[in-house]
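K.L.:
Coordinates in my_file.cif, mmCIF, C-alpha atoms and all ligand atoms, are listed below.
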data_structure
#
loop_
_atom_site.label_atom_id
_atom_site.label_comp_id
_atom_site.auth_asym_id
_atom_site.auth_seq_id
_atom_site.Cartn_x
_atom_site.Cartn_y
_atom_site.Cartn_z
CA MET W 24 -84.55 -53.39 -86.80
CA ILE W 25 -82.94 -51.59 -89.73
CA VAL W 26 -81.25 -48.39 -88.59
CA VAL W 27 -79.27 -45.78 -90.53
CA GLY W 28 -76.32 -44.26 -88.69
CA LEU W 29 -74.79 -40.91 -89.71
CA MET W 30 -71.36 -39.60 -88.86
CA SER W 31 -69.74 -36.35 -89.87
CA GLY W 32 -66.38 -36.19 -88.13
CA THR W 33 -63.91 -33.48 -87.23
CA SER W 34 -62.13 -33.88 -90.59
CA ALA W 35 -65.28 -32.37 -92.18
CA ASP W 36 -64.49 -34.40 -95.30
CA GLY W 37 -68.05 -35.66 -95.69
CA VAL W 38 -70.84 -37.60 -94.04
CA ASP W 39 -70.91 -41.38 -93.79
CA ALA W 40 -74.25 -43.22 -93.75
CA ALA W 41 -74.38 -46.86 -92.65
CA VAL W 42 -77.42 -49.08 -93.13
CA VAL W 43 -77.37 -51.53 -90.25
CA ASP W 44 -79.45 -54.52 -89.18
CA ILE W 45 -79.52 -54.67 -85.37
CA ARG W 46 -81.08 -57.39 -83.24
CA GLY W 47 -81.08 -58.28 -79.57
CA THR W 48 -81.29 -56.57 -76.20
CA GLY W 49 -78.97 -55.21 -73.53
CA HIS W 50 -75.27 -55.28 -74.36
CA ARG W 51 -75.57 -58.45 -76.48
CA LEU W 52 -76.53 -57.29 -79.94
CA ALA W 53 -76.22 -58.88 -83.38
CA ILE W 54 -75.00 -56.04 -85.61
CA LYS W 55 -74.82 -56.49 -89.38
CA LEU W 56 -73.69 -53.78 -91.77
CA LEU W 57 -76.00 -54.00 -94.80
CA GLY W 58 -74.39 -51.18 -96.74
CA HIS W 59 -72.62 -47.85 -96.59
CA TYR W 60 -72.66 -44.60 -98.51
CA GLY W 61 -70.00 -41.94 -98.07
CA HIS W 62 -71.00 -38.49 -99.29
CA SER W 63 -68.04 -36.15 -99.80
CA TYR W 64 -68.71 -32.48 -99.04
CA SER W 65 -68.18 -29.92 -101.77
CA PRO W 66 -65.03 -27.81 -101.22
CA ARG W 67 -67.36 -24.86 -100.40
CA LEU W 68 -69.24 -26.75 -97.68
CA ARG W 69 -66.05 -28.20 -96.19
CA GLN W 70 -64.41 -24.79 -96.07
CA HIS W 71 -67.53 -23.31 -94.52
CA ILE W 72 -67.68 -25.98 -91.79
CA LEU W 73 -64.01 -25.39 -90.95
CA HIS W 74 -64.61 -21.64 -90.88
CA VAL W 75 -67.66 -21.97 -88.61
CA ALA W 76 -65.83 -24.36 -86.26
CA GLU W 77 -62.99 -21.85 -85.86
CA ARG W 78 -64.77 -18.50 -85.78
CA GLY W 79 -68.39 -18.78 -86.94
CA THR W 80 -70.92 -16.15 -85.99
CA VAL W 81 -74.17 -17.20 -84.32
CA ALA W 82 -75.94 -16.49 -87.63
CA GLU W 83 -73.52 -18.79 -89.48
CA VAL W 84 -73.98 -21.60 -86.95
CA CYS W 85 -77.76 -21.20 -87.22
CA HIS W 86 -77.68 -21.38 -91.04
CA LEU W 87 -75.24 -24.30 -91.14
CA ASN W 88 -77.43 -26.28 -88.71
CA ALA W 89 -80.31 -26.29 -91.22
CA TRP W 90 -78.00 -26.69 -94.25
CA LEU W 91 -76.36 -29.81 -92.80
CA GLY W 92 -79.80 -31.17 -91.86
CA GLU W 93 -80.64 -31.17 -95.58
CA VAL W 94 -77.28 -32.71 -96.54
CA PHE W 95 -77.67 -35.45 -93.91
CA ALA W 96 -81.25 -36.23 -95.05
CA LYS W 97 -80.04 -36.59 -98.64
CA ALA W 98 -77.22 -38.89 -97.50
CA VAL W 99 -79.78 -41.13 -95.74
CA GLN W 100 -81.96 -41.22 -98.87
CA THR W 101 -79.01 -42.11 -101.12
CA ALA W 102 -77.81 -44.77 -98.67
CA MET W 103 -81.28 -46.34 -98.70
CA THR W 104 -81.61 -46.24 -102.51
CA ARG W 105 -78.13 -47.60 -103.18
CA ASN W 106 -78.61 -50.42 -100.71
CA ARG W 107 -82.14 -51.20 -101.91
CA VAL W 108 -83.78 -50.51 -98.57
CA SER W 109 -87.08 -48.60 -98.53
CA PRO W 110 -87.83 -45.78 -96.05
CA LYS W 111 -90.60 -48.01 -94.63
CA GLN W 112 -88.04 -50.65 -93.68
CA VAL W 113 -85.84 -48.17 -91.83
CA LYS W 114 -87.27 -47.59 -88.36
CA LEU W 115 -84.66 -45.26 -87.00
CA ILE W 116 -81.83 -42.86 -87.80
CA GLY W 117 -78.95 -42.06 -85.44
CA SER W 118 -77.10 -38.86 -86.30
CA HIS W 119 -74.01 -37.72 -84.44
CA GLY W 120 -74.05 -34.32 -86.13
CA GLN W 121 -71.15 -32.06 -87.01
CA THR W 122 -69.18 -30.85 -84.01
CA VAL W 123 -68.66 -27.11 -84.22
CA HIS W 124 -67.46 -26.73 -80.65
CA HIS W 125 -66.45 -29.04 -77.83
CA LEU W 126 -65.52 -27.64 -74.40
CA PRO W 127 -65.08 -30.63 -72.07
CA VAL W 128 -62.86 -28.82 -69.57
CA PRO W 129 -65.24 -27.31 -67.00
CA LYS W 130 -65.58 -23.59 -66.38
CA THR W 131 -67.06 -22.55 -63.05
CA GLU W 132 -70.04 -20.19 -63.16
CA SER W 133 -71.33 -18.61 -59.98
CA GLY W 134 -74.47 -20.15 -58.55
CA VAL W 135 -74.40 -23.24 -60.78
CA GLY W 136 -70.90 -24.65 -60.53
CA ARG W 137 -68.88 -26.46 -63.18
CA ILE W 138 -70.13 -26.15 -66.75
CA ARG W 139 -68.99 -28.34 -69.67
CA SER W 140 -70.47 -27.95 -73.14
CA THR W 141 -70.47 -29.29 -76.66
CA LEU W 142 -72.32 -28.46 -79.87
CA GLN W 143 -73.16 -30.85 -82.71
CA ILE W 144 -75.30 -29.49 -85.52
CA GLY W 145 -77.32 -30.82 -88.49
CA ASP W 146 -80.98 -30.27 -87.60
CA PRO W 147 -82.68 -33.59 -86.69
CA ALA W 148 -86.08 -32.02 -87.42
CA VAL W 149 -85.05 -31.61 -91.06
CA ILE W 150 -83.74 -35.20 -91.23
CA ALA W 151 -86.94 -36.63 -89.68
CA GLU W 152 -89.19 -34.51 -91.88
CA ARG W 153 -87.44 -35.27 -95.19
CA THR W 154 -87.14 -39.00 -94.52
CA GLY W 155 -90.23 -39.55 -92.35
CA ILE W 156 -88.02 -41.57 -90.01
CA MET W 157 -87.60 -41.10 -86.25
CA THR W 158 -84.20 -39.54 -85.61
CA VAL W 159 -81.99 -39.71 -82.53
CA SER W 160 -79.38 -36.96 -82.26
CA ASP W 161 -77.35 -34.97 -79.74
CA PHE W 162 -75.75 -38.05 -78.18
CA ARG W 163 -73.06 -36.25 -76.21
CA ALA W 164 -75.25 -33.86 -74.22
CA ARG W 165 -76.64 -36.27 -71.64
CA ASP W 166 -73.21 -37.60 -70.75
CA LEU W 167 -72.01 -34.01 -70.21
CA ALA W 168 -75.02 -33.42 -68.00
CA VAL W 169 -73.71 -36.07 -65.59
CA GLY W 170 -70.22 -34.62 -65.50
CA GLY W 171 -68.73 -36.56 -68.43
CA GLU W 172 -66.75 -35.32 -71.42
CA GLY W 173 -69.56 -36.42 -73.77
CA ALA W 174 -66.92 -38.18 -75.84
CA PRO W 175 -65.66 -40.53 -77.06
CA LEU W 176 -68.90 -42.53 -77.48
CA VAL W 177 -67.84 -44.95 -80.22
CA PRO W 178 -65.88 -47.15 -77.73
CA TYR W 179 -69.23 -48.67 -76.72
CA ALA W 180 -69.64 -50.00 -80.27
CA HIS W 181 -65.96 -51.03 -80.39
CA PHE W 182 -66.70 -53.15 -77.32
CA LEU W 183 -69.81 -54.77 -78.83
CA VAL W 184 -68.09 -55.62 -82.13
CA PHE W 185 -64.44 -56.31 -81.27
CA ARG W 186 -64.40 -57.75 -77.72
CA GLN W 187 -62.61 -61.03 -77.15
CA LYS W 188 -62.82 -63.52 -74.30
CA THR W 189 -59.16 -64.37 -73.96
CA ALA W 190 -57.12 -61.50 -75.38
CA THR W 191 -56.79 -57.77 -74.77
CA ARG W 192 -57.38 -55.71 -77.89
CA TRP W 193 -56.96 -52.06 -78.78
CA VAL W 194 -59.26 -50.49 -81.35
CA VAL W 195 -58.05 -47.20 -82.80
CA ASN W 196 -59.95 -44.73 -84.96
CA LEU W 197 -57.76 -42.66 -87.28
CA GLY W 198 -60.17 -39.77 -87.86
CA GLY W 199 -59.56 -36.03 -87.63
CA ILE W 200 -58.62 -36.85 -84.06
CA ALA W 201 -57.34 -40.32 -83.16
CA ASN W 202 -58.91 -42.23 -80.32
CA VAL W 203 -58.03 -45.54 -78.72
CA THR W 204 -60.34 -48.05 -77.06
CA VAL W 205 -58.75 -50.64 -74.81
CA ILE W 206 -60.88 -53.78 -74.44
CA PRO W 207 -59.33 -55.98 -71.76
CA ARG W 208 -59.88 -59.72 -72.10
CA GLY W 209 -62.94 -60.99 -70.29
CA GLU W 210 -65.59 -58.96 -72.17
CA ARG W 211 -66.60 -56.63 -69.35
CA LEU W 212 -67.94 -53.24 -70.47
CA ALA W 213 -67.01 -51.66 -67.14
CA SER W 214 -63.32 -52.41 -67.71
CA VAL W 215 -63.14 -50.71 -71.13
CA GLN W 216 -60.90 -47.63 -71.30
CA ALA W 217 -60.79 -45.10 -74.12
CA PHE W 218 -59.73 -41.56 -74.89
CA ASP W 219 -58.68 -39.22 -77.67
CA THR W 220 -54.94 -39.66 -78.13
CA GLY W 221 -54.44 -36.40 -80.05
CA PRO W 222 -54.64 -34.92 -83.54
CA CYS W 223 -54.55 -37.20 -86.58
CA ASN W 224 -55.89 -36.44 -90.08
CA MET W 225 -56.91 -32.97 -88.93
CA LEU W 226 -53.24 -32.06 -88.67
CA LEU W 227 -52.15 -33.78 -91.90
CA ASP W 228 -55.04 -32.25 -93.89
CA ALA W 229 -54.29 -28.74 -92.62
CA LEU W 230 -50.55 -29.06 -93.38
CA VAL W 231 -51.08 -30.31 -96.93
CA THR W 232 -53.78 -27.69 -97.58
CA LEU W 233 -51.54 -24.82 -96.44
CA GLY W 234 -48.43 -26.33 -98.03
CA THR W 235 -50.05 -26.56 -101.47
CA ASN W 236 -51.97 -23.27 -101.23
CA GLY W 237 -55.24 -25.20 -101.17
CA ARG W 238 -54.59 -27.22 -104.34
CA THR W 239 -54.58 -30.46 -102.33
CA THR W 240 -56.57 -30.94 -99.14
CA ILE W 241 -55.69 -34.59 -98.42
CA ASP W 242 -52.30 -36.31 -98.77
CA ARG W 243 -53.89 -39.17 -100.74
CA GLY W 244 -52.22 -42.46 -99.98
CA GLY W 245 -49.64 -40.51 -97.96
CA ARG W 246 -47.69 -39.83 -101.18
CA PHE W 247 -46.10 -36.59 -100.01
CA ALA W 248 -45.20 -38.08 -96.64
CA GLN W 249 -43.68 -41.15 -98.32
CA ARG W 250 -41.07 -38.91 -99.96
CA GLY W 251 -40.17 -37.11 -96.74
CA HIS W 252 -37.83 -37.71 -93.83
CA VAL W 253 -38.72 -37.47 -90.16
CA HIS W 254 -37.15 -34.49 -88.35
CA SER W 255 -36.38 -35.56 -84.78
CA GLY W 256 -36.30 -31.98 -83.40
CA LEU W 257 -39.78 -31.17 -84.69
CA LEU W 258 -41.00 -34.58 -83.52
CA ARG W 259 -39.81 -33.78 -79.98
CA TRP W 260 -41.50 -30.38 -80.12
CA LEU W 261 -44.79 -31.95 -81.31
CA LEU W 262 -44.68 -34.58 -78.56
CA GLY W 263 -44.34 -31.84 -75.94
CA HIS W 264 -47.96 -30.66 -76.26
CA PRO W 265 -49.55 -30.63 -72.77
CA TYR W 266 -52.73 -32.45 -73.90
CA LEU W 267 -50.64 -35.54 -74.71
CA HIS W 268 -49.38 -35.72 -71.12
CA ARG W 269 -52.74 -35.32 -69.40
CA PRO W 270 -54.13 -38.58 -68.02
CA PRO W 271 -57.54 -39.79 -69.29
CA PRO W 272 -60.49 -39.28 -69.29
CA LYS W 273 -59.89 -36.74 -72.03
CA SER W 274 -61.29 -35.72 -75.40
CA THR W 275 -60.31 -33.00 -77.81
CA GLY W 276 -60.94 -31.32 -81.15
CA ARG W 277 -60.29 -28.20 -83.20
CA GLU W 278 -60.28 -26.02 -80.08
CA LEU W 279 -56.79 -27.36 -79.24
CA PHE W 280 -55.54 -28.71 -82.57
CA GLY W 281 -57.17 -26.41 -85.13
CA GLU W 282 -55.85 -23.44 -87.06
CA SER W 283 -53.77 -21.71 -84.39
CA TYR W 284 -52.01 -24.98 -83.47
CA VAL W 285 -51.20 -25.67 -87.13
CA LYS W 286 -49.79 -22.15 -87.51
CA LYS W 287 -47.42 -22.82 -84.61
CA VAL W 288 -46.37 -26.11 -86.21
CA LEU W 289 -45.60 -24.26 -89.45
CA VAL W 290 -43.46 -21.69 -87.63
CA GLN W 291 -41.45 -24.56 -86.11
CA ALA W 292 -41.11 -26.21 -89.53
CA ARG W 293 -39.90 -22.98 -91.18
CA GLN W 294 -37.27 -22.43 -88.48
CA ARG W 295 -35.94 -25.90 -89.35
CA HIS W 296 -36.23 -25.34 -93.13
CA LEU W 297 -38.41 -28.40 -93.61
CA SER W 298 -40.11 -29.29 -96.89
CA LEU W 299 -43.81 -30.19 -96.97
CA ASN W 300 -42.84 -33.84 -97.49
CA ASP W 301 -40.62 -33.84 -94.37
CA LEU W 302 -43.30 -32.07 -92.40
CA LEU W 303 -45.92 -34.69 -93.33
CA ALA W 304 -43.52 -37.58 -92.70
CA THR W 305 -42.81 -36.14 -89.24
CA GLY W 306 -46.56 -35.69 -88.70
CA CYS W 307 -47.20 -39.36 -89.48
CA GLN W 308 -44.53 -40.56 -87.05
CA PHE W 309 -45.82 -38.12 -84.43
CA ILE W 310 -49.35 -39.56 -84.72
CA ALA W 311 -48.00 -43.13 -84.40
CA HIS W 312 -46.14 -42.09 -81.20
CA THR W 313 -49.21 -40.48 -79.62
CA ILE W 314 -51.21 -43.69 -80.20
CA ARG W 315 -48.47 -46.01 -78.92
CA ASP W 316 -48.05 -43.72 -75.88
CA ALA W 317 -51.56 -44.65 -74.74
CA GLN W 318 -49.78 -47.56 -73.12
CA GLN W 319 -48.53 -45.33 -70.28
CA TRP W 320 -52.05 -45.33 -68.80
CA MET W 321 -52.85 -48.98 -69.47
CA ALA W 322 -52.07 -52.02 -67.33
CA GLN W 323 -51.07 -54.26 -70.22
CA MET W 324 -50.18 -54.21 -73.91
CA PRO W 325 -52.71 -55.66 -76.36
CA ALA W 326 -52.52 -58.95 -78.25
CA ASP W 327 -53.44 -57.02 -81.39
CA VAL W 328 -54.52 -53.55 -82.55
CA VAL W 329 -57.40 -52.94 -84.98
CA PHE W 330 -57.51 -49.66 -86.93
CA GLY W 331 -60.38 -47.85 -88.64
CA GLY W 332 -61.11 -44.38 -90.04
CA GLY W 333 -59.79 -42.58 -93.12
CA GLY W 334 -56.19 -42.65 -91.85
CA VAL W 335 -55.82 -46.36 -92.71
CA ARG W 336 -55.52 -45.26 -96.35
CA ASN W 337 -52.39 -43.22 -95.64
CA ILE W 338 -49.58 -45.66 -96.51
CA ARG W 339 -46.90 -43.67 -94.65
CA LEU W 340 -48.99 -43.45 -91.49
CA TRP W 341 -49.70 -47.16 -91.77
CA SER W 342 -46.02 -48.07 -92.07
CA GLU W 343 -45.21 -45.88 -89.03
CA LEU W 344 -47.91 -47.74 -87.05
CA LEU W 345 -46.57 -51.14 -88.15
CA LYS W 346 -43.09 -50.10 -87.02
CA ILE W 347 -44.06 -48.61 -83.68
CA PHE W 348 -46.27 -51.54 -82.62
CA ASP W 349 -43.91 -54.27 -83.85
CA PRO W 350 -44.10 -57.18 -82.84
CA ILE W 351 -47.78 -56.60 -81.91
CA PRO W 352 -49.91 -57.35 -85.00
CA VAL W 353 -51.87 -54.39 -86.41
CA ARG W 354 -54.88 -54.88 -88.67
CA ARG W 355 -57.42 -52.80 -90.53
CA MET W 356 -61.09 -53.23 -89.59
CA ASP W 357 -61.64 -54.34 -93.18
CA ASP W 358 -59.41 -57.36 -92.47
CA CYS W 359 -61.51 -58.45 -89.50
CA GLY W 360 -64.99 -58.51 -90.98
CA SER W 361 -65.80 -54.85 -90.42
CA SER W 362 -65.36 -51.59 -92.37
CA SER W 363 -62.81 -48.86 -91.69
CA GLN W 364 -64.91 -46.24 -93.43
CA ALA W 365 -68.35 -47.25 -92.19
CA PHE W 366 -67.62 -48.12 -88.57
CA GLU W 367 -68.23 -44.76 -86.90
CA SER W 368 -71.55 -44.25 -88.72
CA GLN W 369 -72.49 -47.82 -87.86
CA ALA W 370 -71.75 -46.98 -84.21
CA PHE W 371 -74.35 -44.20 -84.22
CA ALA W 372 -76.96 -46.62 -85.58
CA VAL W 373 -76.16 -48.84 -82.59
CA LEU W 374 -76.29 -45.93 -80.13
CA ALA W 375 -79.68 -44.79 -81.53
CA TYR W 376 -81.02 -48.34 -81.20
CA GLN W 377 -79.95 -48.37 -77.55
CA THR W 378 -81.63 -44.99 -76.97
CA ILE W 379 -85.05 -46.27 -77.97
CA GLN W 380 -84.45 -49.59 -76.18
CA GLY W 381 -83.79 -47.57 -73.03
CA VAL W 382 -80.26 -48.95 -72.65
CA CYS W 383 -77.51 -46.75 -71.21
CA ALA W 384 -74.67 -46.61 -73.74
CA ASN W 385 -72.14 -44.19 -72.33
CA VAL W 386 -69.15 -45.79 -70.64
CA PRO W 387 -68.61 -43.75 -67.44
CA ARG W 388 -65.05 -44.95 -67.03
CA VAL W 389 -64.33 -43.57 -70.51
CA THR W 390 -66.11 -40.23 -70.41
CA GLY W 391 -65.76 -39.53 -66.70
CA ALA W 392 -69.55 -39.41 -66.24
CA ARG W 393 -70.93 -39.92 -62.75
CA HIS W 394 -73.18 -42.77 -63.91
CA PRO W 395 -74.55 -44.52 -67.02
CA VAL W 396 -77.24 -42.61 -68.94
CA ILE W 397 -79.55 -43.14 -71.91
CA LEU W 398 -78.02 -41.01 -74.64
CA GLY W 399 -79.65 -38.83 -77.26
CA SER W 400 -82.65 -36.68 -78.06
CA VAL W 401 -85.52 -38.18 -80.05
CA THR W 402 -87.28 -36.40 -82.93
CA PRO W 403 -90.39 -38.32 -84.04
CA GLY W 404 -90.77 -39.37 -87.67
CA THR W 405 -94.01 -39.28 -89.63
CA SER W 406 -94.73 -42.99 -89.84
CA GLY W 407 -93.98 -46.43 -88.41
CA THR W 408 -92.55 -46.56 -84.92
CA SER W 409 -93.04 -42.86 -84.37
CA LYS W 410 -96.81 -43.43 -83.89
CA LYS W 411 -95.89 -44.92 -80.56
CA TRP W 412 -94.65 -41.49 -79.57
CA VAL W 413 -98.16 -40.00 -79.73
CA LEU W 414 -99.34 -40.24 -76.12
N1 LIG D 1 -56.98 -42.08 -99.73
C1 LIG D 1 -56.62 -41.45 -98.61
N2 LIG D 1 -55.30 -41.26 -98.35
C2 LIG D 1 -54.88 -40.63 -97.23
N3 LIG D 1 -55.74 -40.13 -96.32
C3 LIG D 1 -57.05 -40.30 -96.52
C4 LIG D 1 -57.56 -40.95 -97.67
N4 LIG D 1 -58.91 -40.96 -97.59
C5 LIG D 1 -59.22 -40.32 -96.44
N5 LIG D 1 -58.11 -39.92 -95.80
C6 LIG D 1 -58.02 -39.15 -94.56
O1 LIG D 1 -59.10 -39.49 -93.73
C7 LIG D 1 -59.82 -38.30 -93.38
C8 LIG D 1 -61.26 -38.67 -93.15
O2 LIG D 1 -61.32 -39.69 -92.21
P1 LIG D 1 -62.60 -39.94 -91.34
O3 LIG D 1 -62.45 -41.30 -90.73
O4 LIG D 1 -63.82 -39.67 -92.15
O5 LIG D 1 -62.42 -38.84 -90.21
P2 LIG D 1 -63.52 -37.98 -89.46
O6 LIG D 1 -64.29 -38.94 -88.63
O7 LIG D 1 -62.75 -36.99 -88.68
O8 LIG D 1 -64.36 -37.33 -90.53
C9 LIG D 1 -59.59 -37.35 -94.49
O9 LIG D 1 -59.79 -36.02 -94.10
C10 LIG D 1 -58.13 -37.68 -94.85
O10 LIG D 1 -57.25 -36.99 -94.01
MG MG D 2 -65.26 -38.17 -92.12
#
In structure tokens, how does this file's structure come out?
Ligand SMILES: Nc1ncnc2c1ncn2[C@@H]1O[C@H](COP(=O)(O)OP(=O)(O)O)[C@@H](O)[C@H]1O
Ligand SMILES: [Mg+2]
P.N.:
Amino acid sequence: MIVVGLMSGTSADGVDAAVVDIRGTGHRLAIKLLGHYGHSYSPRLRQHILHVAERGTVAEVCHLNAWLGEVFAKAVQTAMTRNRVSPKQVKLIGSHGQTVHHLPVPKTESGVGRIRSTLQIGDPAVIAERTGIMTVSDFRARDLAVGGEGAPLVPYAHFLVFRQKTATRWVVNLGGIANVTVIPRGERLASVQAFDTGPCNMLLDALVTLGTNGRTTIDRGGRFAQRGHVHSGLLRWLLGHPYLHRPPPKSTGRELFGESYVKKVLVQARQRHLSLNDLLATGCQFIAHTIRDAQQWMAQMPADVVFGGGGVRNIRLWSELLKIFDPIPVRRMDDCGSSSQAFESQAFAVLAYQTIQGVCANVPRVTGARHPVILGSVTPGTSGTSKKWVL
């Protein structure tokens, strides 16, 4: 089955669309990436997403839901055209959606008990209507409904693609937030552990944006950070954040590491008279520490660590990771037959495939869910497999 997976992460840099050939049943799938298209958001859309995620009104959330639906549909169409796949060949779309709020820590409400919630937008009805293709969306909700955090969900795909019989491996995504998946040797899904380690590109992007008055929104290649020096006092302060010391299961986002966090970081930096370069260099070493610190909750160190996500293109961050994991080898997904940029979108193609196969794809040990569940909500398309949905 050819499936298109869509991922728009917390960095809000754009949407990735992966065209994936998936075969097989259960947890033994043959997954082949046929092609990828990364659509970068316009500065206006990116700014709007960041605004909505911090303090959007209900009207703004409502509007953005439909707007992103159109943007996602166009990304699917471009991905199909560029990779010479026709809409008839694509049987399914899996769309994670744009997270605008994620509240995994339960709040107790009288009469109903503990409530956790999350909100990913980008209307699947628009995607299914524009493309004619059945669309699976809202993957996190069902896991939350059984007491899980709803995230991270990509570790399931990490397991399918990167597991090894004889060696323990860590797979790390350097997205807006960084998350680690620990795949112990022996290839057992039930023994996989994973959690969000803390902020990653989200912090670096915000610092460079504020530090350059919006002229630069990404420290491309880590050029600013390369010229800076790590400040040990600020590093200690950054490493003191309570989230970093909470044991897993845990997941996070802009609610903890968004605008107000970055403002506090800047106050600390000003008190220490740090330049933007020093601040970014310290940020890179901080991120490397938070990832390496995952070890405190793991029984054993890995034989190797595989990295994906936009952060692999930051040379300073990469050199900090090499240093902190030495002598454990670190590799980019691109160097092990996969794709750093496409992997997360590819994962949502896999998760959508499992939804319609009726296979549970949350990992309860990872999310804290009470039991495995079939993830996602299904929006019928207008042709092909969707006819089966007419009862
Ligand atoms: N050439 C680059 N140099 C440095 N950082 C980059 C580069 N390209 C992308 N990034 C970083 O990666 C981020 C996007 O990574 P991505 O994996 O898409 O994260 P998310 O899943 O949160 O959207 C950008 O916001 C930026 O911080
Ligand atoms: Mg992205």
K.L.:
Do you know which residues lie at most 10 Å from (-68.3, -34.2, -74.2), with coordinates as in the file and only C-alpha atoms counted, and could you write them as a PyMOL selection string?
P.N.:
chain W and resi 124-128+139-142+162-168+170-176+273-275+390-392
K.L.:
List as an NGL selection string: which residues have an atom within 8 Å of (-51.7, -52.4, -73.5), counting all atoms listed in the file?
P.N.:
:W and (191-193 or 205 or 317-318 or 321-325)
K.L.:
For each of W:Ile347, W:Val159, W:His252, W:Val26, take the minimum atom-to-atom distance to W:Thr378, counting all atoms listed in the file, then give the residue where this is smallest.
P.N.:
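The shortest atom-to-atom distance to W:Thr378 comes from W:Val159.
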K.L.:
Using all atoms listed in the file, which residues of chain W come within 6 Å of ligand LIG 1 (chain D), and what is the closest atom pair for each, with the distance in Å to one decimal? Give it as CSV, sorted by chain and residue number.
P.N.:
residue,atom,partner,partner_atom,distance
W:Ser31,CA,D:LIG1,O8,5.5
W:Gly32,CA,D:LIG1,O8,3.3
W:Thr33,CA,D:LIG1,O7,4.0
W:Ser34,CA,D:LIG1,O7,3.7
W:Ala35,CA,D:LIG1,O8,5.3
W:Asp36,CA,D:LIG1,O9,5.1
W:Leu197,CA,D:LIG1,O3,6.0
W:Gly198,CA,D:LIG1,O5,3.4
W:Gly199,CA,D:LIG1,O7,3.5
W:Asn224,CA,D:LIG1,O10,4.2
W:Asp228,CA,D:LIG1,O10,5.2
W:Ile241,CA,D:LIG1,O10,5.3
W:Asp242,CA,D:LIG1,C2,5.3
W:Arg243,CA,D:LIG1,N2,3.5
W:Gly244,CA,D:LIG1,N2,3.7
W:Gly245,CA,D:LIG1,C2,5.3
W:Gly332,CA,D:LIG1,O3,3.4
W:Gly333,CA,D:LIG1,O1,3.2
W:Gly334,CA,D:LIG1,O1,4.7
W:Arg336,CA,D:LIG1,N2,4.5
W:Asn337,CA,D:LIG1,C2,3.9
K.L.:
Could you take the residues named above and write them with C-alpha atoms, as an mmCIF file, keeping the file's coordinate frame?
P.N.:
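Saved result, part.cif, follows:
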data_model
loop_
_atom_site.group_PDB
_atom_site.id
_atom_site.type_symbol
_atom_site.label_atom_id
_atom_site.label_comp_id
_atom_site.auth_asym_id
_atom_site.auth_seq_id
_atom_site.Cartn_x
_atom_site.Cartn_y
_atom_site.Cartn_z
ATOM 1 C CA SER W 31 -69.740 -36.350 -89.870
ATOM 2 C CA GLY W 32 -66.380 -36.190 -88.130
ATOM 3 C CA THR W 33 -63.910 -33.480 -87.230
ATOM 4 C CA SER W 34 -62.130 -33.880 -90.590
ATOM 5 C CA ALA W 35 -65.280 -32.370 -92.180
ATOM 6 C CA ASP W 36 -64.490 -34.400 -95.300
ATOM 7 C CA LEU W 197 -57.760 -42.660 -87.280
ATOM 8 C CA GLY W 198 -60.170 -39.770 -87.860
ATOM 9 C CA GLY W 199 -59.560 -36.030 -87.630
ATOM 10 C CA ASN W 224 -55.890 -36.440 -90.080
ATOM 11 C CA ASP W 228 -55.040 -32.250 -93.890
ATOM 12 C CA ILE W 241 -55.690 -34.590 -98.420
ATOM 13 C CA ASP W 242 -52.300 -36.310 -98.770
ATOM 14 C CA ARG W 243 -53.890 -39.170 -100.740
ATOM 15 C CA GLY W 244 -52.220 -42.460 -99.980
ATOM 16 C CA GLY W 245 -49.640 -40.510 -97.960
ATOM 17 C CA GLY W 332 -61.110 -44.380 -90.040
ATOM 18 C CA GLY W 333 -59.790 -42.580 -93.120
ATOM 19 C CA GLY W 334 -56.190 -42.650 -91.850
ATOM 20 C CA ARG W 336 -55.520 -45.260 -96.350
ATOM 21 C CA ASN W 337 -52.390 -43.220 -95.640
#
K.L.:
Which is closest to W:Thr101 among W:Gly49, W:Arg69, W:Thr154, W:Gln143, if we use all atoms listed in the file?
P.N.:
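Result for the nearest residue to W:Thr101: W:Thr154.
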K.L.:
How far is it from atom CA of W:Glu77 to atom CA of W:Ser283, in Å with one decimal?
P.N.:
9.3 Å
K.L.:
Find, counting all atoms listed in the file, the residue in W:Pro207, W:Arg315, W:Ala148, W:Gly58 that gets nearest to W:Asn106.
P.N.:
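With all atoms listed in the file as the atom set, the closest residue is W:Gly58.
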K.L.:
Please determine, counting all atoms listed in the file, which residue among W:Ala365, W:Arg339, W:Ile206, W:Gln112 has the shortest atom-to-atom distance to W:His62.
P.N.:
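Nearest candidate to W:His62 out of W:Ala365, W:Arg339, W:Ile206, W:Gln112: W:Ala365.
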K.L.:
In Å, rounded to a single decimal, give me how far atom CA of W:Gln187 is from atom CA of W:Cys307.
P.N.:
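Atom CA of W:Cys307 sits 29.3 Å away from atom CA of W:Gln187.
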K.L.:
Between atom CA of W:Glu152 and atom CA of W:Leu68, what is the spacing in Å?
P.N.:
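According to the coordinates, atom CA of W:Leu68 and atom CA of W:Glu152 are separated by 22.2 Å.
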K.L.:
Near W:Gln369, counting only C-alpha atoms, which residues have an atom at most 8 Å away, once you skip same-chain residues fewer than 6 positions from it, shown as a ChimeraX atom specification?
P.N.:
/W:27-29,40-43,56
K.L.:
Looking at all atoms listed in the file, which of W:Ala76, W:Ile138, W:Ile144, W:Met225 is the one that sits closest to ligand MG 2 (chain D)?
P.N.:
W:Met225
K.L.:
With a distance cut-off of 10 Å and all atoms listed in the file, select the neighbouring residues of W:Gly92, excluding the residue or stretch itself and same-chain residues fewer than 5 positions from it, and output the selection as a PyMOL selection string.
P.N.:
chain W and resi 87+97-98+118+120-121+144-153
